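Pasted below: target-v6.txt, compact mmCIF, C-alpha atoms.
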# COMPACT_ATOMS: atom_id res chain seq x y z
CA ASP A 1 -212.56 -65.58 -47.73
CA HIS A 2 -209.65 -63.48 -49.04
CA ALA A 3 -209.84 -64.79 -52.62
CA THR A 4 -213.54 -63.89 -52.95
CA PHE A 5 -212.95 -60.44 -51.42
CA VAL A 6 -210.12 -59.74 -53.89
CA LEU A 7 -212.14 -60.85 -56.93
CA MET A 8 -215.14 -58.78 -55.80
CA THR A 9 -212.84 -55.77 -55.39
CA PHE A 10 -211.59 -56.14 -58.98
CA ALA A 11 -215.16 -56.41 -60.28
CA MET A 12 -216.24 -53.31 -58.33
CA THR A 13 -213.21 -51.24 -59.39
CA ASP A 14 -214.35 -50.92 -63.00
CA PHE A 15 -217.69 -49.50 -61.81
CA LEU A 16 -215.93 -47.07 -59.43
CA PHE A 17 -213.68 -45.89 -62.27
CA CYS A 18 -216.74 -45.28 -64.45
CA ARG A 19 -218.25 -43.08 -61.72
CA GLY A 20 -214.96 -41.30 -61.06
CA LEU A 21 -214.76 -42.59 -57.46
CA TYR A 22 -210.98 -42.96 -57.42
CA ASP A 23 -210.43 -42.61 -53.67
CA GLN A 24 -212.95 -45.38 -52.97
CA ALA A 25 -211.29 -47.59 -55.58
CA LYS A 26 -207.87 -46.91 -54.04
CA SER A 27 -209.12 -47.77 -50.54
CA HIS A 28 -210.64 -51.11 -51.64
CA LEU A 29 -207.63 -52.03 -53.77
CA THR A 30 -205.18 -51.23 -50.96
CA ARG A 31 -207.08 -53.62 -48.68
CA ALA A 32 -207.09 -56.25 -51.43
CA TYR A 33 -203.34 -55.83 -51.90
CA GLU A 34 -202.77 -56.24 -48.15
CA ALA A 35 -204.86 -59.43 -48.21
CA LEU A 36 -202.78 -60.72 -51.13
CA GLN A 37 -199.55 -60.49 -49.11
CA ARG A 38 -200.48 -63.92 -47.76
CA SER A 39 -201.01 -65.29 -51.28
CA ASP A 40 -198.56 -66.85 -53.72
CA ASP A 41 -200.81 -66.18 -56.74
CA MET A 42 -198.47 -63.85 -58.64
CA GLU A 43 -200.94 -63.31 -61.49
CA VAL A 44 -203.64 -61.97 -59.14
CA ILE A 45 -201.08 -59.79 -57.30
CA ALA A 46 -199.98 -58.37 -60.68
CA THR A 47 -203.64 -57.60 -61.51
CA CYS A 48 -204.05 -55.76 -58.19
CA LEU A 49 -200.89 -53.73 -58.85
CA HIS A 50 -202.22 -52.93 -62.33
CA TYR A 51 -205.45 -51.56 -60.86
CA LEU A 52 -203.54 -49.54 -58.23
CA GLY A 53 -201.45 -48.10 -61.08
CA MET A 54 -204.61 -47.13 -62.94
CA VAL A 55 -205.91 -45.24 -59.89
CA ALA A 56 -202.59 -43.42 -59.50
CA GLN A 57 -202.60 -42.55 -63.20
CA LYS A 58 -206.14 -41.16 -63.05
CA GLN A 59 -205.16 -39.01 -60.04
CA GLY A 60 -202.14 -37.61 -61.89
CA GLU A 61 -199.57 -39.52 -59.81
CA TYR A 62 -197.52 -40.71 -62.79
CA LEU A 63 -194.38 -41.83 -60.95
CA GLN A 64 -196.46 -43.88 -58.53
CA ALA A 65 -198.40 -45.38 -61.45
CA THR A 66 -195.15 -46.28 -63.23
CA GLU A 67 -193.90 -48.01 -60.08
CA TYR A 68 -197.08 -50.10 -59.70
CA TYR A 69 -197.10 -51.04 -63.40
CA GLY A 70 -193.38 -51.89 -63.34
CA VAL A 71 -193.66 -54.23 -60.33
CA GLY A 72 -196.81 -55.74 -61.84
CA LEU A 73 -195.01 -56.35 -65.14
CA ALA A 74 -192.06 -58.02 -63.38
CA LEU A 75 -194.50 -60.45 -61.71
CA ALA A 76 -196.48 -60.97 -64.93
CA CYS A 77 -193.27 -61.83 -66.81
CA LYS A 78 -192.74 -64.70 -64.35
CA THR A 79 -196.22 -66.19 -64.12
CA GLY A 80 -198.73 -64.01 -65.95
CA THR A 81 -200.38 -64.42 -69.32
CA LEU A 82 -199.22 -62.67 -72.50
CA GLU A 83 -202.47 -60.69 -72.30
CA GLN A 84 -201.61 -59.39 -68.83
CA ARG A 85 -198.09 -58.43 -69.92
CA SER A 86 -199.34 -56.57 -72.99
CA GLU A 87 -201.92 -54.66 -70.88
CA LEU A 88 -199.25 -53.54 -68.41
CA LEU A 89 -196.90 -52.53 -71.24
CA SER A 90 -199.75 -50.52 -72.77
CA ASP A 91 -200.29 -48.57 -69.54
CA LEU A 92 -196.55 -48.10 -68.98
CA GLY A 93 -196.42 -46.62 -72.50
CA TRP A 94 -199.42 -44.40 -71.80
CA VAL A 95 -197.87 -42.93 -68.64
CA ALA A 96 -194.46 -42.49 -70.32
CA ALA A 97 -196.15 -40.50 -73.11
CA LYS A 98 -197.88 -38.25 -70.54
CA ARG A 99 -194.47 -37.64 -68.92
CA GLY A 100 -193.03 -36.63 -72.31
CA LEU A 101 -190.83 -39.76 -72.54
CA TYR A 102 -191.77 -40.57 -76.11
CA GLU A 103 -188.98 -43.04 -76.94
CA GLN A 104 -189.76 -45.02 -73.80
CA ALA A 105 -193.49 -44.96 -74.59
CA TYR A 106 -192.82 -46.17 -78.13
CA ALA A 107 -190.60 -49.01 -76.87
CA TYR A 108 -193.24 -50.20 -74.37
CA ALA A 109 -196.01 -50.12 -77.00
CA ARG A 110 -193.89 -51.97 -79.58
CA GLU A 111 -192.97 -54.66 -77.05
CA GLY A 112 -196.62 -54.98 -76.09
CA LEU A 113 -197.72 -55.37 -79.71
CA ASP A 114 -195.44 -58.39 -80.10
CA LEU A 115 -197.37 -60.11 -77.28
CA ALA A 116 -200.89 -58.73 -77.74
CA THR A 117 -204.02 -60.56 -78.74
CA PRO A 118 -206.29 -58.65 -81.19
CA THR A 119 -208.38 -57.54 -78.17
CA HIS A 120 -205.49 -55.57 -76.69
CA ARG A 121 -203.80 -54.33 -79.85
CA SER A 122 -206.16 -51.33 -79.93
CA LYS A 123 -204.73 -49.79 -76.72
CA LEU A 124 -201.14 -50.28 -77.86
CA LEU A 125 -201.85 -48.74 -81.27
CA THR A 126 -203.38 -45.75 -79.46
CA VAL A 127 -200.15 -45.25 -77.48
CA LEU A 128 -198.19 -45.33 -80.75
CA GLY A 129 -200.63 -42.76 -82.15
CA VAL A 130 -200.13 -40.42 -79.19
CA VAL A 131 -196.34 -40.70 -79.56
CA ALA A 132 -196.58 -39.96 -83.30
CA ASP A 133 -198.91 -36.99 -82.64
CA ASN A 134 -196.51 -35.45 -80.14
CA ARG A 135 -193.64 -35.87 -82.60
CA GLY A 136 -195.67 -34.01 -85.22
CA GLU A 137 -196.25 -37.15 -87.34
CA PHE A 138 -199.95 -36.41 -87.69
CA ILE A 139 -200.75 -38.62 -90.70
CA GLN A 140 -199.00 -41.65 -89.16
CA ALA A 141 -200.79 -40.97 -85.86
CA GLU A 142 -204.16 -40.96 -87.62
CA LYS A 143 -203.34 -44.33 -89.22
CA TYR A 144 -202.58 -45.85 -85.80
CA TYR A 145 -205.80 -44.41 -84.35
CA ARG A 146 -207.98 -45.65 -87.19
CA GLU A 147 -206.52 -49.16 -87.00
CA GLY A 148 -207.06 -49.14 -83.23
CA LEU A 149 -210.62 -47.80 -83.63
CA LEU A 150 -211.54 -50.60 -86.02
CA LEU A 151 -210.37 -53.19 -83.46
CA ALA A 152 -212.19 -51.40 -80.60
CA GLN A 153 -215.41 -51.36 -82.65
CA GLN A 154 -215.03 -55.06 -83.53
CA ASN A 155 -214.61 -55.82 -79.80
CA ASN A 156 -217.49 -53.47 -78.87
CA ASP A 157 -215.10 -51.72 -76.45
CA GLN A 158 -216.89 -48.39 -75.97
CA GLU A 159 -214.39 -46.91 -73.53
CA GLN A 160 -211.51 -47.53 -75.92
CA GLN A 161 -213.59 -46.02 -78.74
CA CYS A 162 -214.03 -42.91 -76.55
CA ILE A 163 -210.27 -42.63 -76.08
CA ILE A 164 -209.56 -42.98 -79.80
CA PHE A 165 -212.29 -40.60 -80.99
CA ASN A 166 -210.86 -38.06 -78.54
CA ASP A 167 -207.34 -38.55 -79.89
CA LEU A 168 -208.60 -38.30 -83.48
CA GLY A 169 -210.24 -34.99 -82.51
CA VAL A 170 -206.99 -33.63 -81.08
CA ASN A 171 -205.13 -34.83 -84.19
CA ALA A 172 -207.63 -33.09 -86.50
CA SER A 173 -207.56 -29.84 -84.51
CA GLU A 174 -203.73 -29.70 -84.62
CA ARG A 175 -204.03 -29.87 -88.41
CA GLY A 176 -206.76 -27.21 -88.55
CA MET A 177 -209.42 -29.74 -89.66
CA TRP A 178 -212.08 -28.20 -87.46
CA LYS A 179 -215.23 -29.89 -88.81
CA GLU A 180 -213.66 -33.33 -88.36
CA ALA A 181 -212.45 -32.39 -84.88
CA LEU A 182 -215.94 -31.32 -83.81
CA ASP A 183 -217.47 -34.55 -85.17
CA PHE A 184 -214.96 -36.65 -83.21
CA TYR A 185 -215.49 -34.70 -79.96
CA GLN A 186 -219.27 -35.00 -80.27
CA GLU A 187 -218.90 -38.76 -80.75
CA VAL A 188 -216.86 -38.92 -77.51
CA ARG A 189 -219.66 -37.06 -75.74
CA ARG A 190 -222.35 -39.35 -77.19
CA LEU A 191 -220.52 -42.52 -76.13
CA ALA A 192 -219.65 -41.13 -72.68
CA ILE A 193 -223.29 -40.25 -71.98
CA GLN A 194 -224.41 -43.65 -73.30
CA MET A 195 -221.96 -45.40 -70.91
CA ASN A 196 -222.78 -42.98 -68.07
CA HIS A 197 -219.01 -42.56 -67.78
CA LEU A 198 -218.24 -39.32 -65.90
CA GLU A 199 -214.53 -39.26 -66.71
CA TRP A 200 -215.12 -39.27 -70.44
CA GLN A 201 -218.05 -36.86 -70.19
CA CYS A 202 -215.61 -34.49 -68.51
CA LEU A 203 -212.99 -34.87 -71.26
CA ALA A 204 -215.65 -34.40 -73.96
CA ARG A 205 -216.63 -31.06 -72.37
CA LEU A 206 -212.98 -29.98 -72.17
CA ASN A 207 -212.25 -30.67 -75.80
CA LEU A 208 -215.51 -29.10 -76.99
CA CYS A 209 -214.45 -26.09 -74.93
CA SER A 210 -211.02 -25.94 -76.62
CA TYR A 211 -212.76 -26.28 -80.01
CA TYR A 212 -215.13 -23.34 -79.35
CA LEU A 213 -212.27 -21.28 -77.92
CA ALA A 214 -210.35 -21.73 -81.18
CA GLN A 215 -213.51 -20.72 -83.10
CA GLU A 216 -213.76 -17.58 -80.92
CA GLU A 217 -217.17 -18.66 -79.60
CA TYR A 218 -216.25 -17.61 -76.08
CA ASP A 219 -219.65 -17.94 -74.37
CA LEU A 220 -220.01 -21.58 -75.44
CA ALA A 221 -216.37 -22.26 -74.56
CA SER A 222 -216.88 -20.74 -71.08
CA GLN A 223 -220.01 -22.81 -70.48
CA TYR A 224 -218.28 -26.10 -71.35
CA ASN A 225 -215.18 -25.13 -69.37
CA GLU A 226 -217.08 -24.25 -66.19
CA GLU A 227 -218.90 -27.60 -66.33
CA ALA A 228 -215.62 -29.46 -66.99
CA LEU A 229 -213.67 -27.69 -64.24
CA LEU A 230 -216.39 -28.47 -61.70
CA LEU A 231 -216.36 -32.12 -62.75
CA THR A 232 -212.54 -32.47 -62.72
CA ARG A 233 -212.52 -31.24 -59.11
CA GLN A 234 -215.40 -33.51 -58.17
CA LEU A 235 -213.54 -36.48 -59.67
CA GLY A 236 -210.10 -35.48 -58.39
CA GLN A 237 -208.83 -35.71 -61.98
CA ARG A 238 -205.82 -33.41 -61.59
CA GLU A 239 -204.47 -33.78 -65.13
CA TRP A 240 -207.69 -32.50 -66.67
CA GLU A 241 -208.13 -29.88 -63.95
CA SER A 242 -204.78 -28.42 -65.09
CA PHE A 243 -206.01 -28.46 -68.72
CA ALA A 244 -209.31 -26.80 -67.71
CA LEU A 245 -207.45 -24.06 -65.81
CA ILE A 246 -205.22 -23.39 -68.85
CA ILE A 247 -208.35 -22.91 -70.97
CA GLN A 248 -209.97 -20.77 -68.24
CA GLY A 249 -206.88 -18.54 -68.27
CA SER A 250 -206.97 -18.26 -72.06
CA LEU A 251 -210.65 -17.32 -71.98
CA ALA A 252 -210.04 -14.69 -69.30
CA ARG A 253 -207.23 -13.20 -71.39
CA GLU A 254 -209.50 -13.02 -74.44
CA LYS A 255 -212.00 -11.08 -72.29
CA LYS A 256 -209.16 -8.75 -71.08
CA ASN A 257 -209.64 -10.02 -67.54
CA TYR A 258 -205.89 -10.15 -66.94
CA THR A 259 -205.96 -10.72 -63.16
CA GLN A 260 -208.20 -13.79 -63.55
CA ALA A 261 -206.09 -15.02 -66.48
CA ASN A 262 -202.92 -14.84 -64.41
CA THR A 263 -204.55 -16.56 -61.41
CA SER A 264 -205.90 -19.45 -63.52
CA LEU A 265 -202.66 -19.96 -65.45
CA GLN A 266 -200.49 -19.87 -62.32
CA GLU A 267 -202.80 -22.45 -60.70
CA ALA A 268 -202.62 -24.59 -63.85
CA LEU A 269 -198.82 -24.32 -63.88
CA ALA A 270 -198.52 -25.38 -60.22
CA LEU A 271 -200.76 -28.38 -60.88
CA ALA A 272 -198.86 -29.33 -64.07
CA PHE A 273 -195.59 -29.28 -62.10
CA GLU A 274 -197.21 -31.32 -59.33
CA ILE A 275 -198.36 -34.09 -61.67
CA GLU A 276 -195.16 -33.79 -63.74
CA LYS A 277 -196.80 -33.36 -67.13
CA PRO A 278 -194.32 -31.31 -69.20
CA HIS A 279 -196.76 -30.62 -72.06
CA TYR A 280 -199.12 -28.76 -69.70
CA VAL A 281 -196.17 -27.05 -67.99
CA CYS A 282 -195.18 -25.70 -71.42
CA ASP A 283 -198.75 -24.68 -72.30
CA ALA A 284 -199.21 -22.78 -69.02
CA LEU A 285 -195.83 -21.02 -69.37
CA ARG A 286 -196.54 -20.18 -73.02
CA TYR A 287 -199.87 -18.53 -72.17
CA LEU A 288 -198.38 -16.73 -69.15
CA GLY A 289 -195.76 -15.36 -71.57
CA ASP A 290 -198.45 -14.31 -74.03
CA LEU A 291 -200.33 -12.58 -71.20
CA ALA A 292 -197.18 -10.72 -70.11
CA LEU A 293 -196.47 -9.71 -73.71
CA GLU A 294 -200.01 -8.34 -74.11
CA CYS A 295 -199.57 -6.33 -70.90
CA GLN A 296 -196.23 -4.93 -72.17
CA ARG A 297 -194.27 -6.77 -69.45
CA ILE A 298 -191.55 -7.76 -71.89
CA ASP A 299 -189.01 -9.05 -69.36
CA ASP A 300 -191.64 -11.22 -67.66
CA ALA A 301 -192.67 -12.63 -71.05
CA ALA A 302 -189.01 -13.46 -71.75
CA ASP A 303 -188.74 -15.30 -68.43
CA PHE A 304 -191.87 -17.38 -69.10
CA TYR A 305 -190.80 -18.27 -72.64
CA THR A 306 -187.28 -19.19 -71.49
CA GLN A 307 -188.76 -21.51 -68.85
CA MET A 308 -191.02 -23.03 -71.48
CA GLY A 309 -187.97 -23.88 -73.60
CA GLN A 310 -186.47 -25.79 -70.68
CA PHE A 311 -189.47 -28.12 -70.29
CA ILE A 312 -190.22 -29.07 -73.91
CA PRO A 313 -190.14 -32.88 -74.10
CA SER A 314 -187.48 -34.21 -76.46
CA GLY A 315 -188.98 -34.72 -79.91
CA HIS A 316 -192.13 -32.61 -79.41
CA LYS A 317 -191.99 -30.60 -82.63
CA GLY A 318 -195.24 -28.67 -82.15
CA LEU A 319 -194.11 -27.17 -78.84
CA LYS A 320 -190.63 -26.45 -80.26
CA ALA A 321 -192.22 -24.48 -83.12
CA GLU A 322 -194.51 -22.56 -80.73
CA TYR A 323 -191.43 -21.74 -78.61
CA CYS A 324 -189.44 -20.44 -81.59
CA TYR A 325 -192.42 -18.33 -82.71
CA ARG A 326 -192.71 -16.82 -79.22
CA LEU A 327 -189.00 -15.96 -79.24
CA GLY A 328 -189.61 -14.24 -82.58
CA LEU A 329 -192.52 -12.21 -81.18
CA LEU A 330 -190.39 -11.29 -78.18
CA ALA A 331 -187.53 -10.11 -80.42
CA ALA A 332 -190.01 -8.07 -82.49
CA SER A 333 -191.32 -6.38 -79.34
CA ARG A 334 -187.70 -5.33 -78.64
CA GLN A 335 -187.31 -4.03 -82.21
CA GLU A 336 -184.76 -6.79 -83.00
CA LYS A 337 -186.03 -7.42 -86.54
CA GLN A 338 -183.29 -9.79 -87.72
CA GLN A 339 -183.62 -12.00 -84.64
CA ALA A 340 -187.40 -11.96 -84.97
CA LYS A 341 -187.18 -13.12 -88.60
CA LYS A 342 -184.64 -15.84 -87.73
CA PHE A 343 -186.85 -17.32 -85.00
CA GLY A 344 -189.96 -16.94 -87.17
CA GLU A 345 -188.33 -18.87 -90.01
CA GLU A 346 -187.21 -21.61 -87.60
CA ALA A 347 -190.77 -21.97 -86.37
CA LEU A 348 -192.20 -21.92 -89.89
CA ALA A 349 -189.82 -24.67 -91.09
CA ILE A 350 -191.00 -27.01 -88.30
CA LEU A 351 -194.68 -26.14 -88.81
CA GLN A 352 -194.45 -26.75 -92.56
CA GLU A 353 -192.69 -30.07 -91.96
CA ILE A 354 -195.41 -31.38 -89.66
CA GLY A 355 -198.42 -29.66 -91.27
CA HIS A 356 -199.55 -27.74 -88.19
CA ARG A 357 -202.41 -25.20 -88.32
CA VAL A 358 -200.29 -22.34 -86.86
CA GLU A 359 -198.19 -22.43 -90.08
CA ILE A 360 -200.42 -19.86 -91.85
CA GLU A 361 -200.26 -17.42 -88.95
CA VAL A 362 -196.44 -17.56 -88.73
CA TYR A 363 -196.06 -17.31 -92.52
CA GLN A 364 -198.25 -14.18 -92.64
CA TRP A 365 -196.36 -12.64 -89.72
CA ILE A 366 -193.01 -13.10 -91.52
CA GLU A 367 -194.49 -11.75 -94.77
CA LYS A 368 -195.58 -8.58 -92.95
CA GLY A 369 -191.98 -8.02 -91.81
CA CYS A 370 -192.25 -9.52 -88.31
CA PRO A 371 -194.10 -6.60 -86.64
CA PRO A 372 -194.50 -6.42 -82.84
CA SER A 373 -197.73 -8.37 -82.31
CA LEU A 374 -199.40 -11.09 -80.28
CA PRO A 375 -199.98 -14.77 -81.15
CA ILE A 376 -203.45 -15.42 -82.55
CA ALA A 377 -203.98 -19.18 -82.84
CA LEU A 378 -204.59 -21.03 -79.57
Let me see whether you can do it: turn the structure in this file into structure tokens.
Amino acid sequence: DHATFVLMTFAMTDFLFCRGLYDQAKSHLTRAYEALQRSDDMEVIATCLHYLGMVAQKQGEYLQATEYYGVGLALACKTGTLEQRSELLSDLGWVAAKRGLYEQAYAYAREGLDLATPTHRSKLLTVLGVVADNRGEFIQAEKYYREGLLLAQQNNDQEQQCIIFNDLGVNASERGMWKEALDFYQEVRRLAIQMNHLEWQCLARLNLCSYYLAQEEYDLASQYNEEALLLTRQLGQREWESFALIIQGSLAREKKNYTQANTSLQEALALAFEIEKPHYVCDALRYLGDLALECQRIDDAADFYTQMGQFIPSGHKGLKAEYCYRLGLLAASRQEKQQAKKFGEEALAILQEIGHRVEIEVYQWIEKGCPPSLPIAL
């Protein structure tokens, strides 16, 4: 009967997610949702909408995911459990953070925490950590992650542990704590292999790649990136495909393969626009600007950096500092020393406030008198 079919679909969806079979999951869930149109069980309909939102989120369709979660939450508020409401608020917060809507993400996570059982607090704390990270509040973010990790470990929730170890790795790398970052990324990889979870194996490769890129170990970085890019395309994980292409472009630039760098970064930019993830839009534009600067195409670099400035999410201090630094480098390349120093000092003030690893590079550049040069830290 319909009820059995729907419940079997929900049970199978978690397995399909683990294997990265999003299209199959979407097909089964769409049929389940159609079957539920003849049902008055609002709680089950809300669960189906939640799963459909999760598929959309994994495929980089953030507006669609937000719509599913929002309708699901409206139903859950009428008839659902507190647990169901807190789960939907957690995912609404997660998607809002990916879209650069940090205040909205914070509000969803806070509302969810007021309703959450200890089992679901971990996810909400992780959303708060991501918001804090993007605002440059790295120490506060780490506190949220560690509290969430403790709960995930107590609940033996390995997937949530994967997510938090990954976020702790990103947090550590932003602060230049490379040994800690590597340890966290390797733990993600260990857990992902243990769970046979392709999605998290893919993310582990991507972040190990970004780690080795920052350490200038380009052969290792290329190996991890090629594996990750192949897997993102196999899974249809467009968000991480965009990230992998950004790294591929950066690696090509390091190897002076400027044509390949431009191709990869333009592809990453198009994908970032498509999925509406402003952080990746900014990253792709920033590296396209750096590439243009290295090739002495000063006006093109200016265009890319100006576009970057237009897409920085409100409150993202790290990207604002990177933007100011790029404007300083651009001014230096035009022999506008006073402007270069002004932008450099603006960037340095933000970096010192948040404790970001690029602080040393910008400080040294200002100390040398803001010479025409290229950014070093990735």
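Atom to atom, CA of Glu43 (chain A) and CA of Asp91 (chain A) stand 16.8 Å apart.
The residue that comes closest to Gly80 (chain A), out of A:Asp41, A:Glu227, A:Glu346, A:Glu159 and on the basis of all atoms listed in the file, is A:Asp41.
Our summary of the geometry notes that CA of Tyr211 (chain A) is positioned 27.2 Å from CA of Leu151 (chain A).
Closest approach to Gly328 (chain A) among A:His356, A:Cys295, A:Cys370, A:Cys77: A:Cys370, based on only C-alpha atoms.
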Contacts of Tyr33 (chain A) at 12 Å or less, counting all atoms listed in the file, minus same-chain residues fewer than 6 places along, as a PyMOL selection string? chain A and resi 2-3+5-7+9-10+26-27+39+41-42+44-52+68+72
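Among the candidate residues A:Ile193, A:Ala35, A:Ile376, A:Leu271, the one lying nearest to Leu213 (chain A) is A:Ile376, with distances computed using only C-alpha atoms.
Proximity ranking of A:Gly112, A:Gly53, A:Pro313, A:Gly176 relative to Lys277 (chain A) places A:Pro313 first, based on all atoms listed in the file.
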Test item: axis-aligned box, all listed atoms of region 308-325 of chain A, 3 Å on each side, centre and edges in Å rounded to one decimal, as AutoDock Vina command-line options:
--center_x -190.9 --center_y -26.5 --center_z -76.7 --size_x 14.8 --size_y 22.4 --size_z 18.8
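Considering the residues A:Met177, A:Leu88, A:Ala141, A:Val131 and counting all atoms listed in the file, Leu101 (chain A) has its shortest atom-to-atom contact with A:Val131.
You can rank A:Ile247, A:Met8, A:Ile298, A:Ala252 by their closest distance to Tyr280 (chain A) using all atoms listed in the file, and at the top of that list sits A:Ile247.
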Quick one: region 265-272 of chain A from the block, all heavy atoms, as a compact mmCIF listing (two decimals), in the first residue's frame.
# COMPACT_ATOMS: atom_id res chain seq x y z
N LEU A 265 38.88 28.19 -13.99
CA LEU A 265 38.29 29.23 -13.14
C LEU A 265 37.00 29.78 -13.73
O LEU A 265 36.04 30.07 -13.00
CB LEU A 265 39.30 30.35 -12.88
CG LEU A 265 40.49 29.95 -11.99
CD1 LEU A 265 41.58 31.02 -12.03
CD2 LEU A 265 40.02 29.72 -10.54
N GLN A 266 36.96 29.93 -15.06
CA GLN A 266 35.72 30.41 -15.71
C GLN A 266 34.60 29.38 -15.54
O GLN A 266 33.44 29.74 -15.30
CB GLN A 266 35.97 30.69 -17.20
CG GLN A 266 36.85 31.89 -17.48
CD GLN A 266 36.13 33.23 -17.24
OE1 GLN A 266 34.97 33.28 -16.84
NE2 GLN A 266 36.84 34.32 -17.49
N GLU A 267 34.97 28.10 -15.64
CA GLU A 267 33.98 27.02 -15.45
C GLU A 267 33.49 27.02 -14.01
O GLU A 267 32.29 26.86 -13.74
CB GLU A 267 34.63 25.68 -15.81
CG GLU A 267 33.63 24.56 -16.02
CD GLU A 267 34.26 23.23 -16.41
OE1 GLU A 267 35.40 23.23 -16.92
OE2 GLU A 267 33.61 22.21 -16.20
N ALA A 268 34.42 27.20 -13.07
CA ALA A 268 34.05 27.26 -11.65
C ALA A 268 33.13 28.45 -11.37
O ALA A 268 32.15 28.33 -10.62
CB ALA A 268 35.32 27.39 -10.79
N LEU A 269 33.44 29.58 -11.99
CA LEU A 269 32.63 30.79 -11.79
C LEU A 269 31.21 30.58 -12.31
O LEU A 269 30.24 30.93 -11.63
CB LEU A 269 33.29 31.97 -12.51
CG LEU A 269 32.57 33.32 -12.41
CD1 LEU A 269 32.50 33.79 -10.96
CD2 LEU A 269 33.28 34.37 -13.28
N ALA A 270 31.09 30.00 -13.50
CA ALA A 270 29.76 29.76 -14.09
C ALA A 270 28.94 28.85 -13.17
O ALA A 270 27.75 29.08 -12.93
CB ALA A 270 29.91 29.13 -15.47
N LEU A 271 29.59 27.82 -12.63
CA LEU A 271 28.91 26.87 -11.75
C LEU A 271 28.52 27.53 -10.43
O LEU A 271 27.42 27.31 -9.91
CB LEU A 271 29.84 25.68 -11.50
CG LEU A 271 29.24 24.33 -11.12
CD1 LEU A 271 28.08 23.93 -12.01
CD2 LEU A 271 30.33 23.26 -11.16
N ALA A 272 29.41 28.37 -9.89
CA ALA A 272 29.13 29.08 -8.64
C ALA A 272 27.93 30.03 -8.79
O ALA A 272 27.10 30.15 -7.90
CB ALA A 272 30.36 29.85 -8.17
